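Data first, discussion second: the structure below is written as structure tokens.
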Amino acid sequence: SGRPLECALPLEDLEGRRWWALTDPYGGLAIRAGQPERNLLLPGGREVLVSARYVRDRPAGPVRRLVVQLRGTEARRRTERSHAELIATVAHELRSPLTSVKGFTATLLAKWERFTDDQKRLMLETVDADANRVTRLIAELLDISRIDSGRLEVRKQPVDIAAAVRRHVQAHTTAGQRTDRFLIRVREPLPALWADPDKIDQVLGNLLENAVRHGEGTVTIEVSPVPARVCADSADHSVGPAVERTAVTVSDEGPGIPDESVGRVFTRFWRGSKRGGTGLGLYIVKGIVEAHGGSITVGRARGGGAEFRFTLPVGAPAFLA
């Protein structure tokens, strides 16, 4: 428009100082490449994130063009709120078990001789269970950190998914659940699946635990092959290679997940009406499945309860393909 930059885009810092006068893009040191991103104010007080890049025809030459990038602060504020929620949740979840651990150990140290062996064993078992709870929470935090930064490592090797399902069900029945509470359906033949066995155990463990604790009736786990299909890239509609997958469905006969909550099930801190814990488990499950190149959905089972279904591509790692 031919207007001076400070008039066309009058920016101020949070102390009310005019930004262009402070940065002086066309003057000052000739080695400057630009300005790092910072919070500034537009006329009217709207806060924006601004960065600038100085374009020169030659090193240390005069600035020929100025490239300014502005973006809203809403996304950053959402991230900051999410981090603050995470810290508050973790502090709350850690306080209870650590208070228990500290209380029982202090009591035992101060009055060891006053307790019977059975009383000592009960207190030490409580301390052990609470220490395990803290360890699980720290493991969840590490998983979330890796998922959020895109650094979740997947170490693929052959996985017998049907055997893994049976192993998890056996753990529940050994712990006291009725054998007829579970129904396993495996549709053979299953293709060879390459995945990270520890992380797949984490996914199965979380989904089964949720179905047992928060669902009702029979918990049905179905493992089936998904026929190879041609995948289209939604961005450019190009056709990719056929992808063979394995699907695992975990469903129960409980009240299910309310329709208004379905879209939030895999977000951080989501808890159903009866859910305990941190509400981080399904967020981590989704991150693990997607790190494998798979997908996970939730819906209503035929029996009326919740139905979680995840699919995993079965191809071997690239170095073996």
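To be explicit about the labels: the chains of the structure tokens are called A, B, and onward in the order shown, and within each one the residues are counted from 1, while ligands get numbers from 1 in the order they are shown.
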Quick one: pick out all alpha helix (DSSP H) residues within segment 91-268 of chain A from a backbone DSSP run and write them as a PyMOL selection string.
-> chain A and resi 91-111+117-148+161-174+197-214
So which residues touch Ser96 of chain A within 12 Å, counting only C-alpha atoms, skipping near sequence neighbours fewer than 2 positions away, as an NGL selection string?
-> :A and (89-94 or 98-103 or 127 or 130-131 or 133-134 or 277)
Pairwise distance for atom CA of Ala306 of chain A and atom CA of Arg185 of chain A, rounded to one decimal in Å |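 Spanning atom CA of Ala306 of chain A to atom CA of Arg185 of chain A is a straight-line distance of 17.2 Å.
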DSSP strand (DSSP E or B) residues within segment 127-302 of chain A, as a compact mmCIF listing (two decimals) with N, CA, C and O atoms, in the first residue's frame:
# COMPACT_ATOMS: atom_id res chain seq x y z
N GLN A 157 8.84 -56.91 15.82
CA GLN A 157 9.25 -58.30 15.70
C GLN A 157 7.98 -59.13 15.55
O GLN A 157 6.88 -58.61 15.74
N PRO A 158 8.10 -60.42 15.19
CA PRO A 158 6.88 -61.22 15.03
C PRO A 158 6.09 -61.29 16.33
O PRO A 158 6.65 -61.52 17.41
N VAL A 159 4.78 -61.10 16.24
CA VAL A 159 3.90 -61.13 17.41
C VAL A 159 2.74 -62.07 17.12
O VAL A 159 2.07 -61.94 16.10
N PHE A 182 -15.18 -64.18 29.84
CA PHE A 182 -14.47 -63.84 28.62
C PHE A 182 -14.82 -64.78 27.48
O PHE A 182 -15.00 -65.98 27.68
N LEU A 183 -14.91 -64.23 26.28
CA LEU A 183 -15.14 -65.01 25.06
C LEU A 183 -14.10 -64.56 24.03
O LEU A 183 -14.06 -63.37 23.67
N ILE A 184 -13.26 -65.50 23.59
CA ILE A 184 -12.22 -65.18 22.61
C ILE A 184 -12.61 -65.80 21.27
O ILE A 184 -12.92 -67.00 21.20
N ARG A 185 -12.64 -64.98 20.24
CA ARG A 185 -12.91 -65.47 18.88
C ARG A 185 -11.71 -65.13 18.00
O ARG A 185 -11.34 -63.96 17.88
N VAL A 186 -11.12 -66.15 17.39
CA VAL A 186 -9.99 -65.94 16.48
C VAL A 186 -10.36 -66.49 15.12
O VAL A 186 -10.68 -67.67 14.99
N LEU A 193 2.12 -61.07 11.88
CA LEU A 193 2.07 -59.68 12.35
C LEU A 193 3.43 -59.27 12.91
O LEU A 193 3.99 -59.96 13.75
N TRP A 194 3.93 -58.13 12.43
CA TRP A 194 5.15 -57.56 12.99
C TRP A 194 4.77 -56.32 13.78
O TRP A 194 4.17 -55.39 13.25
N ALA A 195 5.11 -56.32 15.07
CA ALA A 195 4.77 -55.19 15.94
C ALA A 195 5.69 -55.21 17.15
O ALA A 195 6.53 -56.11 17.29
N VAL A 219 -17.09 -60.18 28.27
CA VAL A 219 -16.12 -59.39 27.50
C VAL A 219 -15.67 -60.23 26.32
O VAL A 219 -15.12 -61.33 26.50
N THR A 220 -15.95 -59.76 25.12
CA THR A 220 -15.63 -60.51 23.90
C THR A 220 -14.42 -59.89 23.22
O THR A 220 -14.37 -58.68 22.99
N ILE A 221 -13.42 -60.73 22.93
CA ILE A 221 -12.23 -60.26 22.22
C ILE A 221 -12.16 -61.04 20.90
O ILE A 221 -12.10 -62.27 20.90
N GLU A 222 -12.23 -60.31 19.80
CA GLU A 222 -12.19 -60.95 18.48
C GLU A 222 -10.94 -60.51 17.74
O GLU A 222 -10.61 -59.31 17.69
N VAL A 223 -10.21 -61.49 17.19
CA VAL A 223 -9.01 -61.22 16.38
C VAL A 223 -9.28 -61.73 14.98
O VAL A 223 -9.66 -62.90 14.81
N SER A 224 -9.13 -60.89 13.99
CA SER A 224 -9.47 -61.31 12.63
C SER A 224 -8.56 -60.62 11.61
O SER A 224 -8.06 -59.51 11.85
N PRO A 225 -8.36 -61.27 10.46
CA PRO A 225 -7.61 -60.62 9.39
C PRO A 225 -8.49 -59.60 8.68
O PRO A 225 -9.71 -59.77 8.61
N VAL A 226 -7.88 -58.55 8.18
CA VAL A 226 -8.59 -57.58 7.36
C VAL A 226 -8.02 -57.71 5.95
O VAL A 226 -6.81 -57.55 5.76
N PRO A 227 -8.85 -58.03 4.96
CA PRO A 227 -8.33 -58.24 3.60
C PRO A 227 -7.52 -57.05 3.11
O PRO A 227 -7.79 -55.89 3.46
N ALA A 228 -6.50 -57.34 2.31
CA ALA A 228 -5.69 -56.28 1.73
C ALA A 228 -6.58 -55.39 0.88
O ALA A 228 -7.46 -55.85 0.16
N ARG A 229 -6.37 -54.08 1.01
CA ARG A 229 -7.16 -53.14 0.22
C ARG A 229 -6.23 -52.05 -0.27
O ARG A 229 -5.19 -51.77 0.32
N VAL A 230 -6.62 -51.42 -1.32
CA VAL A 230 -5.82 -50.33 -1.87
C VAL A 230 -6.09 -49.07 -1.06
O VAL A 230 -7.24 -48.72 -0.80
N CYS A 231 -5.01 -48.41 -0.64
CA CYS A 231 -5.15 -47.22 0.19
C CYS A 231 -4.99 -45.98 -0.67
O CYS A 231 -4.03 -45.87 -1.43
N ALA A 232 -5.91 -45.05 -0.55
CA ALA A 232 -5.81 -43.78 -1.27
C ALA A 232 -5.38 -42.70 -0.32
O ALA A 232 -5.83 -42.62 0.82
N VAL A 239 -2.97 -43.50 -5.45
CA VAL A 239 -3.26 -44.85 -4.96
C VAL A 239 -1.97 -45.48 -4.48
O VAL A 239 -0.98 -45.51 -5.20
N GLY A 240 -1.99 -46.00 -3.25
CA GLY A 240 -0.82 -46.65 -2.69
C GLY A 240 -0.95 -48.15 -2.80
O GLY A 240 -1.91 -48.69 -3.34
N PRO A 241 0.04 -48.88 -2.25
CA PRO A 241 0.02 -50.33 -2.32
C PRO A 241 -1.07 -50.91 -1.42
O PRO A 241 -1.53 -50.26 -0.48
N ALA A 242 -1.46 -52.15 -1.72
CA ALA A 242 -2.46 -52.81 -0.89
C ALA A 242 -1.87 -53.07 0.49
O ALA A 242 -0.71 -53.44 0.63
N VAL A 243 -2.66 -52.86 1.53
CA VAL A 243 -2.18 -53.01 2.91
C VAL A 243 -3.02 -54.08 3.60
O VAL A 243 -4.23 -53.96 3.71
N GLU A 244 -2.35 -55.12 4.08
CA GLU A 244 -3.03 -56.18 4.82
C GLU A 244 -2.96 -55.84 6.31
O GLU A 244 -1.93 -55.37 6.80
N ARG A 245 -4.06 -56.09 7.01
CA ARG A 245 -4.12 -55.69 8.42
C ARG A 245 -4.71 -56.79 9.29
O ARG A 245 -5.40 -57.68 8.81
N THR A 246 -4.41 -56.66 10.59
CA THR A 246 -5.05 -57.50 11.59
C THR A 246 -5.90 -56.60 12.48
O THR A 246 -5.45 -55.52 12.89
N ALA A 247 -7.13 -57.03 12.77
CA ALA A 247 -8.03 -56.24 13.61
C ALA A 247 -8.28 -56.97 14.92
O ALA A 247 -8.43 -58.19 14.96
N VAL A 248 -8.30 -56.18 16.01
CA VAL A 248 -8.64 -56.72 17.33
C VAL A 248 -9.79 -55.88 17.88
O VAL A 248 -9.71 -54.65 17.93
N THR A 249 -10.88 -56.55 18.27
CA THR A 249 -12.05 -55.87 18.81
C THR A 249 -12.29 -56.34 20.25
O THR A 249 -12.30 -57.54 20.51
N VAL A 250 -12.44 -55.38 21.16
CA VAL A 250 -12.73 -55.68 22.57
C VAL A 250 -14.07 -55.03 22.90
O VAL A 250 -14.22 -53.81 22.80
N SER A 251 -15.06 -55.85 23.28
CA SER A 251 -16.40 -55.29 23.55
C SER A 251 -16.96 -55.89 24.84
O SER A 251 -16.55 -56.97 25.27
N SER A 295 -4.86 -47.83 13.36
CA SER A 295 -5.90 -46.88 13.76
C SER A 295 -6.77 -47.55 14.82
O SER A 295 -6.83 -48.78 14.91
N ILE A 296 -7.46 -46.74 15.63
CA ILE A 296 -8.33 -47.26 16.67
C ILE A 296 -9.62 -46.45 16.69
O ILE A 296 -9.60 -45.23 16.49
N THR A 297 -10.74 -47.14 16.91
CA THR A 297 -12.05 -46.48 16.96
C THR A 297 -12.83 -47.01 18.16
O THR A 297 -12.51 -48.07 18.72
N VAL A 298 -13.85 -46.29 18.55
CA VAL A 298 -14.73 -46.73 19.62
C VAL A 298 -16.18 -46.55 19.16
O VAL A 298 -16.50 -45.61 18.43
N GLY A 299 -17.02 -47.47 19.56
CA GLY A 299 -18.43 -47.39 19.19
C GLY A 299 -19.26 -48.21 20.16
O GLY A 299 -18.82 -48.54 21.25
N ARG A 300 -20.48 -48.56 19.73
CA ARG A 300 -21.38 -49.34 20.58
C ARG A 300 -21.40 -50.78 20.10
O ARG A 300 -21.55 -51.05 18.91
With a distance cut-off of 12 Å and only C-alpha atoms, select the neighbouring residues of Ala60 of chain A, excluding the residue or stretch itself and same-chain residues fewer than 4 positions from it, and output the selection as JSON, numbers by chain.
-> {"A": [26, 27, 28, 29, 30, 31, 32, 33, 54, 55, 56, 64]}
Output all heavy atoms for every residue in that selection, as a CSV table (one decimal), in the first residue's frame.
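As written to disk, again-v3.csv reads:
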chain,number,residue,atom,x,y,z
A,26,TYR,N,15.7,-2.2,8.9
A,26,TYR,CA,16.5,-1.7,7.8
A,26,TYR,C,17.8,-1.0,8.3
A,26,TYR,O,18.6,-0.6,7.5
A,26,TYR,CB,15.7,-0.7,7.0
A,26,TYR,CG,14.6,-1.4,6.3
A,26,TYR,CD1,13.3,-1.3,6.7
A,26,TYR,CD2,14.8,-2.2,5.1
A,26,TYR,CE1,12.2,-2.0,6.1
A,26,TYR,CE2,13.8,-2.8,4.5
A,26,TYR,CZ,12.5,-2.8,5.0
A,26,TYR,OH,11.5,-3.4,4.3
A,27,GLY,N,18.0,-0.9,9.6
A,27,GLY,CA,19.2,-0.3,10.1
A,27,GLY,C,19.9,-1.3,11.0
A,27,GLY,O,19.6,-2.5,11.0
A,28,GLY,N,20.8,-0.8,11.9
A,28,GLY,CA,21.4,-1.7,12.8
A,28,GLY,C,22.5,-2.6,12.2
A,28,GLY,O,22.9,-2.4,11.1
A,29,LEU,N,22.8,-3.7,12.9
A,29,LEU,CA,23.8,-4.6,12.4
A,29,LEU,C,23.4,-5.3,11.1
A,29,LEU,O,22.3,-5.8,11.0
A,29,LEU,CB,24.1,-5.7,13.4
A,29,LEU,CG,24.7,-5.2,14.8
A,29,LEU,CD1,24.8,-6.4,15.8
A,29,LEU,CD2,26.1,-4.6,14.5
A,30,ALA,N,24.4,-5.4,10.1
A,30,ALA,CA,24.1,-6.0,8.8
A,30,ALA,C,24.1,-7.5,8.8
A,30,ALA,O,23.9,-8.1,7.8
A,30,ALA,CB,25.0,-5.4,7.8
A,31,ILE,N,24.5,-8.1,10.0
A,31,ILE,CA,24.6,-9.6,10.0
A,31,ILE,C,23.3,-10.2,10.6
A,31,ILE,O,23.2,-11.4,10.6
A,31,ILE,CB,25.8,-10.0,10.9
A,31,ILE,CG1,25.7,-9.5,12.3
A,31,ILE,CG2,27.1,-9.6,10.2
A,31,ILE,CD1,26.7,-10.0,13.2
A,32,ARG,N,22.3,-9.3,10.9
A,32,ARG,CA,21.1,-9.9,11.5
A,32,ARG,C,20.3,-10.6,10.4
A,32,ARG,O,20.1,-10.1,9.3
A,32,ARG,CB,20.2,-8.8,12.1
A,32,ARG,CG,20.9,-8.1,13.3
A,32,ARG,CD,20.0,-7.1,13.9
A,32,ARG,NE,19.6,-6.1,12.9
A,32,ARG,CZ,18.6,-5.2,13.1
A,32,ARG,NH1,17.9,-5.2,14.2
A,32,ARG,NH2,18.3,-4.3,12.1
A,33,ALA,N,19.7,-11.8,10.8
A,33,ALA,CA,18.9,-12.6,9.9
A,33,ALA,C,17.4,-12.4,10.1
A,33,ALA,O,16.6,-12.8,9.2
A,33,ALA,CB,19.3,-14.1,10.0
A,54,TYR,N,14.8,-11.3,7.6
A,54,TYR,CA,15.4,-10.3,6.7
A,54,TYR,C,16.0,-10.9,5.5
A,54,TYR,O,16.9,-11.8,5.6
A,54,TYR,CB,16.4,-9.5,7.5
A,54,TYR,CG,16.0,-8.8,8.8
A,54,TYR,CD1,16.9,-8.5,9.8
A,54,TYR,CD2,14.6,-8.6,9.0
A,54,TYR,CE1,16.4,-7.9,11.0
A,54,TYR,CE2,14.2,-8.0,10.2
A,54,TYR,CZ,15.1,-7.7,11.2
A,54,TYR,OH,14.6,-7.1,12.3
A,55,VAL,N,15.6,-10.5,4.3
A,55,VAL,CA,16.1,-11.0,3.1
A,55,VAL,C,17.1,-10.0,2.5
A,55,VAL,O,16.7,-8.8,2.2
A,55,VAL,CB,15.0,-11.3,2.1
A,55,VAL,CG1,15.5,-11.9,0.8
A,55,VAL,CG2,14.0,-12.3,2.7
A,56,ARG,N,18.3,-10.5,2.2
A,56,ARG,CA,19.4,-9.6,1.6
A,56,ARG,C,19.8,-10.2,0.3
A,56,ARG,O,19.8,-11.5,0.1
A,56,ARG,CB,20.6,-9.5,2.6
A,56,ARG,CG,20.2,-9.1,4.0
A,56,ARG,CD,21.4,-9.1,4.9
A,56,ARG,NE,21.0,-8.9,6.3
A,56,ARG,CZ,20.9,-7.8,6.9
A,56,ARG,NH1,21.2,-6.7,6.3
A,56,ARG,NH2,20.6,-7.7,8.2
A,64,ARG,N,16.5,-6.1,1.6
A,64,ARG,CA,15.7,-5.9,0.5
A,64,ARG,C,14.2,-6.2,0.7
A,64,ARG,O,13.4,-5.5,0.2
A,64,ARG,CB,16.2,-6.7,-0.7
A,64,ARG,CG,17.6,-6.3,-1.2
A,64,ARG,CD,17.6,-4.9,-1.7
A,64,ARG,NE,19.0,-4.5,-2.2
A,64,ARG,CZ,19.3,-3.3,-2.5
A,64,ARG,NH1,18.5,-2.3,-2.3
A,64,ARG,NH2,20.6,-3.1,-3.0
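Taking atom CA of Gly2 of chain A and atom CA of Asn39 of chain A as endpoints, the distance between them is 26.1 Å.
Straight-line separation from atom CA of Glu290 of chain A to atom CA of Leu141 of chain A: 17.8 Å.
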With a distance cut-off of 12 Å and only C-alpha atoms, select the neighbouring residues of Thr23 of chain A, excluding the residue or stretch itself and same-chain residues fewer than 5 positions from it, and output the selection as JSON, numbers by chain.
-> {"A": [6, 11, 12, 13, 17, 18, 28, 29, 32, 33, 34, 35, 36, 51, 52, 53, 54]}
Pull all heavy atoms from the residues just selected and write them as a CSV table (one decimal), in the first residue's frame.
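Result written to selection_20.csv:
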chain,number,residue,atom,x,y,z
A,6,GLU,N,5.6,0.7,10.0
A,6,GLU,CA,5.1,0.9,11.4
A,6,GLU,C,3.7,1.4,11.4
A,6,GLU,O,3.0,1.3,12.4
A,6,GLU,CB,6.0,1.8,12.2
A,6,GLU,CG,6.2,3.2,11.6
A,6,GLU,CD,7.4,3.2,10.6
A,6,GLU,OE1,7.9,2.1,10.2
A,6,GLU,OE2,8.0,4.3,10.4
A,11,LEU,N,2.7,-2.7,15.7
A,11,LEU,CA,2.9,-3.7,16.7
A,11,LEU,C,3.6,-3.1,17.9
A,11,LEU,O,4.5,-2.3,17.8
A,11,LEU,CB,3.7,-4.9,16.2
A,11,LEU,CG,3.1,-5.7,15.1
A,11,LEU,CD1,4.1,-6.6,14.4
A,11,LEU,CD2,2.0,-6.6,15.7
A,12,GLU,N,3.1,-3.5,19.1
A,12,GLU,CA,3.7,-3.1,20.3
A,12,GLU,C,4.1,-4.3,21.2
A,12,GLU,O,3.4,-5.4,21.1
A,12,GLU,CB,2.8,-2.2,21.2
A,12,GLU,CG,2.5,-0.9,20.5
A,12,GLU,CD,1.6,0.0,21.4
A,12,GLU,OE1,1.1,-0.5,22.4
A,12,GLU,OE2,1.4,1.2,21.1
A,13,ASP,N,5.1,-4.2,22.0
A,13,ASP,CA,5.4,-5.3,22.9
A,13,ASP,C,4.5,-5.2,24.1
A,13,ASP,O,3.7,-4.3,24.2
A,13,ASP,CB,6.9,-5.4,23.3
A,13,ASP,CG,7.3,-4.2,24.1
A,13,ASP,OD1,6.5,-3.5,24.6
A,13,ASP,OD2,8.6,-4.0,24.3
A,17,ARG,N,5.9,-0.7,24.2
A,17,ARG,CA,6.9,-0.1,23.3
A,17,ARG,C,6.7,-0.5,21.8
A,17,ARG,O,6.3,-1.7,21.6
A,17,ARG,CB,8.3,-0.5,23.7
A,17,ARG,CG,8.7,0.0,25.1
A,17,ARG,CD,9.9,-0.6,25.7
A,17,ARG,NE,9.8,-2.1,25.8
A,17,ARG,CZ,10.7,-2.8,26.4
A,17,ARG,NH1,11.8,-2.3,26.9
A,17,ARG,NH2,10.5,-4.1,26.5
A,18,ARG,N,6.9,0.4,20.9
A,18,ARG,CA,6.7,0.1,19.5
A,18,ARG,C,7.8,-0.8,19.0
A,18,ARG,O,9.0,-0.5,19.1
A,18,ARG,CB,6.6,1.4,18.7
A,18,ARG,CG,5.3,2.2,18.9
A,18,ARG,CD,5.3,3.5,18.1
A,18,ARG,NE,6.4,4.4,18.5
A,18,ARG,CZ,6.7,5.5,17.9
A,18,ARG,NH1,6.0,5.9,16.9
A,18,ARG,NH2,7.7,6.3,18.3
A,28,GLY,N,20.8,-0.8,11.9
A,28,GLY,CA,21.4,-1.7,12.8
A,28,GLY,C,22.5,-2.6,12.2
A,28,GLY,O,22.9,-2.4,11.1
A,29,LEU,N,22.8,-3.7,12.9
A,29,LEU,CA,23.8,-4.6,12.4
A,29,LEU,C,23.4,-5.3,11.1
A,29,LEU,O,22.3,-5.8,11.0
A,29,LEU,CB,24.1,-5.7,13.4
A,29,LEU,CG,24.7,-5.2,14.8
A,29,LEU,CD1,24.8,-6.4,15.8
A,29,LEU,CD2,26.1,-4.6,14.5
A,32,ARG,N,22.3,-9.3,10.9
A,32,ARG,CA,21.1,-9.9,11.5
A,32,ARG,C,20.3,-10.6,10.4
A,32,ARG,O,20.1,-10.1,9.3
A,32,ARG,CB,20.2,-8.8,12.1
A,32,ARG,CG,20.9,-8.1,13.3
A,32,ARG,CD,20.0,-7.1,13.9
A,32,ARG,NE,19.6,-6.1,12.9
A,32,ARG,CZ,18.6,-5.2,13.1
A,32,ARG,NH1,17.9,-5.2,14.2
A,32,ARG,NH2,18.3,-4.3,12.1
A,33,ALA,N,19.7,-11.8,10.8
A,33,ALA,CA,18.9,-12.6,9.9
A,33,ALA,C,17.4,-12.4,10.1
A,33,ALA,O,16.6,-12.8,9.2
A,33,ALA,CB,19.3,-14.1,10.0
A,34,GLY,N,17.1,-11.8,11.2
A,34,GLY,CA,15.6,-11.6,11.5
A,34,GLY,C,15.4,-11.5,13.0
A,34,GLY,O,16.3,-11.2,13.8
A,35,GLN,N,14.1,-11.7,13.4
A,35,GLN,CA,13.7,-11.6,14.8
A,35,GLN,C,13.0,-12.9,15.2
A,35,GLN,O,12.2,-13.4,14.5
A,35,GLN,CB,12.8,-10.4,15.0
A,35,GLN,CG,13.4,-9.1,14.8
A,35,GLN,CD,14.4,-8.7,15.8
A,35,GLN,OE1,14.3,-9.2,16.9
A,35,GLN,NE2,15.4,-7.9,15.4
A,36,PRO,N,13.4,-13.5,16.3
A,36,PRO,CA,12.8,-14.7,16.8
A,36,PRO,C,11.3,-14.4,17.2
A,36,PRO,O,11.0,-13.3,17.4
A,36,PRO,CB,13.6,-15.1,18.0
A,36,PRO,CG,14.2,-13.8,18.5
A,36,PRO,CD,14.5,-13.0,17.3
A,51,SER,N,7.1,-13.3,14.2
A,51,SER,CA,8.6,-13.4,13.9
A,51,SER,C,8.8,-12.7,12.5
A,51,SER,O,7.9,-12.5,11.7
A,51,SER,CB,8.9,-14.9,13.8
A,51,SER,OG,8.2,-15.6,12.7
A,52,ALA,N,10.1,-12.4,12.3
A,52,ALA,CA,10.5,-11.7,11.1
A,52,ALA,C,11.8,-12.2,10.5
A,52,ALA,O,12.7,-12.7,11.3
A,52,ALA,CB,10.6,-10.2,11.4
A,53,ARG,N,11.8,-12.3,9.2
A,53,ARG,CA,13.1,-12.7,8.5
A,53,ARG,C,13.5,-11.6,7.5
A,53,ARG,O,12.7,-11.0,6.8
A,53,ARG,CB,12.8,-14.0,7.7
A,53,ARG,CG,14.0,-14.6,7.0
A,53,ARG,CD,13.7,-16.0,6.6
A,53,ARG,NE,12.6,-16.1,5.7
A,53,ARG,CZ,12.7,-16.0,4.3
A,53,ARG,NH1,13.9,-15.8,3.8
A,53,ARG,NH2,11.6,-16.1,3.6
A,54,TYR,N,14.8,-11.3,7.6
A,54,TYR,CA,15.4,-10.3,6.7
A,54,TYR,C,16.0,-10.9,5.5
A,54,TYR,O,16.9,-11.8,5.6
A,54,TYR,CB,16.4,-9.5,7.5
A,54,TYR,CG,16.0,-8.8,8.8
A,54,TYR,CD1,16.9,-8.5,9.8
A,54,TYR,CD2,14.6,-8.6,9.0
A,54,TYR,CE1,16.4,-7.9,11.0
A,54,TYR,CE2,14.2,-8.0,10.2
A,54,TYR,CZ,15.1,-7.7,11.2
A,54,TYR,OH,14.6,-7.1,12.3
